[in-house]
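Accompanying notes for the structure given below.
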Amino acid sequence: MELASLELPGIPKLRSGKVREIFDLGDRLLLVATDRISAFDCIMPNPIPGKGAVLTGLSAFWFNRLDFVENHVIETRFENFPESLRAFRDQLEGRSMIVKKAAPLPIECVVRGYLAGSGWKEYLASGTICGQPVPPGWRQAEALPQTMFTPATKAESGHDENIGWDECRRILGDDIAAQARDFSIRLYETGRDYARERGIIVADTKFEFGLLDGRLILIDEVLTPDSSRFWPADRYHPGSNPPSFDKQFLRDYLDLLDWNKTPPAPNLPPEVVLQTARKYREAYERLTGEKLSVENG
């Protein structure tokens, strides 16, 4: 069953994001990953079958595996959800989790291990990535000399804006900024090393953190095809744009169109929807070692 939007009668909705619906359960939140997909900060009109199950299942996998950083997960198994949600099994099972209420930081913690995407474009223009100098002569998709933390502000509409370390510290304060940076780099490098063993290169990713009783905790999603750039290791060649298991495939298709990257987004042909769904599912199955069940996507 595809899920493009969701209302739960009797359960107040706090907001709808580009992908997730967030409901208020009192002292907790219900996060539901729909099958919506966005590119260039525009939500596409076509949902991607099974995408919400991939994001939820993969995030749950990583939250459990990367438990050296406290996270917001309370429950991922529908059979343990409260009675008030039982009537919504078809909409919620496999694509939702109950989480702690935390105050999200106003920045996204972007971590880069390879020269790709907007980092590659900036490097070509100025020899920097998010204002940080990179040695000359580096090729597209080449591994960076060291992991780079490149934070960005969150935009309610339009594009997120990269910011420097000094601005990050000004926004968050020195202690929280340093903790968010150090957590992000450790999470990325641990996940990157595991994924490499499963045949996937994690070129870059972004994390979100929140404050709960003064503690910094990991929230939202972790190392998914929505938040990360995944490349197949066996087809990786520096100096080219590698194929991917993430929505870069969709972005590459959209780049071929006569579209100005503003709403309304164009309809996606069935073959693009199907191929995107396959890439997301393969990322899940390679990383977790499990098949995505029919019931969950």
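By convention in this document, the chains of the structure tokens carry letters A, B, ... by their order, each chain's residues are numbered from 1, and ligands are numbered from 1 in the order they are shown.
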
For this session: Just list the residues in region 30-179 of chain A DSSP gives helix (DSSP H, G or I) on the backbone, as a ChimeraX atom specification.
Result: /A:51-65,78-80,83-92,117-126,165-172,174-179

For this session: Write out as a ChimeraX atom specification the residues lying within 9 Å of region 27-30 of chain A, counting only C-alpha atoms and excluding same-chain residues fewer than 3 positions away.
Result: /A:21-24,74,96-101

Exercise. Which neighbours of region 261-264 of chain A fall inside 10 Å, counting only C-alpha atoms, when residues of the same chain fewer than 4 positions from it are skipped, and could you give them as a ChimeraX atom specification?
Worked result: /A:39-45,158,254-255,257

Convert the current residue selection to file output with N, CA, C and O atoms, as a compact mmCIF listing (two decimals), in the first residue's frame.
```txt
# COMPACT_ATOMS: atom_id res chain seq x y z
N ALA A 39 12.98 16.26 -4.00
CA ALA A 39 14.26 16.51 -4.68
C ALA A 39 14.33 17.99 -4.97
O ALA A 39 13.32 18.60 -5.33
N PHE A 40 15.50 18.55 -4.77
CA PHE A 40 15.69 20.00 -4.93
C PHE A 40 14.67 20.76 -4.08
O PHE A 40 14.14 21.79 -4.48
N ASP A 41 14.38 20.19 -2.88
CA ASP A 41 13.47 20.78 -1.91
C ASP A 41 12.04 20.90 -2.42
O ASP A 41 11.25 21.70 -1.91
N CYS A 42 11.68 20.08 -3.40
CA CYS A 42 10.30 20.02 -3.90
C CYS A 42 9.77 18.59 -3.72
O CYS A 42 10.47 17.63 -4.04
N ILE A 43 8.56 18.48 -3.21
CA ILE A 43 7.94 17.17 -3.08
C ILE A 43 7.40 16.73 -4.43
O ILE A 43 6.66 17.47 -5.08
N MET A 44 7.78 15.54 -4.85
CA MET A 44 7.33 15.01 -6.12
C MET A 44 5.86 14.58 -6.02
O MET A 44 5.40 14.17 -4.95
N PRO A 45 5.11 14.64 -7.12
CA PRO A 45 3.70 14.24 -7.08
C PRO A 45 3.50 12.74 -6.94
O PRO A 45 2.42 12.30 -6.55
N GLY A 158 12.55 26.54 0.57
CA GLY A 158 13.77 26.82 -0.18
C GLY A 158 14.90 25.91 0.26
O GLY A 158 14.69 24.87 0.87
N LEU A 254 15.83 14.35 -13.08
CA LEU A 254 15.21 15.67 -13.11
C LEU A 254 16.11 16.71 -13.76
O LEU A 254 15.62 17.67 -14.36
N ASP A 255 17.43 16.52 -13.64
CA ASP A 255 18.37 17.45 -14.27
C ASP A 255 18.26 17.44 -15.79
O ASP A 255 18.67 18.39 -16.46
N LEU A 257 15.46 17.37 -17.40
CA LEU A 257 14.20 17.98 -17.80
C LEU A 257 14.32 19.51 -17.90
O LEU A 257 15.20 20.11 -17.31
```

Could you produce a table of the residues of region 159-232 of chain A lying within 10 Å of region 281-288 of chain A, with the nearest pair of atoms per residue and their separation in Å rounded to one decimal, using only C-alpha atoms, ordered by chain and increasing residue number, as JSON lines?
```
{"residue": "A:Gly191", "atom": "CA", "partner": "A:Leu287", "partner_atom": "CA", "distance": 9.9}
{"residue": "A:Tyr194", "atom": "CA", "partner": "A:Leu287", "partner_atom": "CA", "distance": 8.3}
{"residue": "A:Ala195", "atom": "CA", "partner": "A:Leu287", "partner_atom": "CA", "distance": 6.3}
{"residue": "A:Arg196", "atom": "CA", "partner": "A:Leu287", "partner_atom": "CA", "distance": 9.3}
{"residue": "A:Glu197", "atom": "CA", "partner": "A:Leu287", "partner_atom": "CA", "distance": 9.0}
{"residue": "A:Arg198", "atom": "CA", "partner": "A:Arg286", "partner_atom": "CA", "distance": 6.0}
{"residue": "A:Gly199", "atom": "CA", "partner": "A:Arg286", "partner_atom": "CA", "distance": 7.5}
{"residue": "A:Ile200", "atom": "CA", "partner": "A:Arg286", "partner_atom": "CA", "distance": 7.9}
{"residue": "A:Thr224", "atom": "CA", "partner": "A:Tyr284", "partner_atom": "CA", "distance": 8.2}
{"residue": "A:Pro225", "atom": "CA", "partner": "A:Ala283", "partner_atom": "CA", "distance": 7.3}
{"residue": "A:Phe230", "atom": "CA", "partner": "A:Ala283", "partner_atom": "CA", "distance": 7.9}
{"residue": "A:Trp231", "atom": "CA", "partner": "A:Ala283", "partner_atom": "CA", "distance": 9.5}
{"residue": "A:Pro232", "atom": "CA", "partner": "A:Ala283", "partner_atom": "CA", "distance": 9.3}
```

Exercise. Neighbours of Leu268 (chain A) within 7 Å (only C-alpha atoms; same-chain residues fewer than 4 positions away dropped), as a list in words?
Worked result: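 Result of the neighbour search: Asn46, Val272 and Val273 of chain A.
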
For this session: Mind the document's chain letters and residue numbers, and return as a ChimeraX atom specification the residues of region 102-288 of chain A that DSSP labels strand (DSSP E or B).
Result: /A:103-104,107-114,128-129,132-133,143-149,152-153,161-162,200-212,215-219,228-232

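Minimum atom-to-atom distances from A:Asp234, A:Glu93, A:Glu142, A:Glu208 to Val222 (chain A) were compared using only C-alpha atoms, and the lowest value belongs to A:Glu208.
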
Exercise. When distances are computed from only C-alpha atoms, which of A:Gly119, A:Pro135, A:Asp220, A:Phe209 shows the smallest separation from Val32 (chain A)?
Worked result: A:Asp220

Problem set entry | Distance criterion (only C-alpha atoms): nearest to Gly239 (chain A) out of A:Gln275, A:Thr205, A:Asn80, A:Gln140 |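 With only C-alpha atoms as the atom set, the closest residue is A:Gln140.
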
For this session: Have a look at A:Asn267, A:Thr76, A:Ser244, A:Ser293 and name the one nearest to Ala141 (chain A); count only C-alpha atoms.
Result: A:Ser244

For this session: Would you mind telling me which residue in A:Pro47, A:Gly117, A:Gly164, A:Pro151 lies nearest to Pro133 (chain A) when using only C-alpha atoms?
Result: A:Gly164

For this session: Excluding Leu8 (chain A) and any residue of its chain fewer than 3 positions from it, enumerate the residues within 12 Å of it, using only C-alpha atoms, and give them as a VMD selection string.
Result: chain A and resid 5 11 to 14 21 to 25 30 32 84 to 92
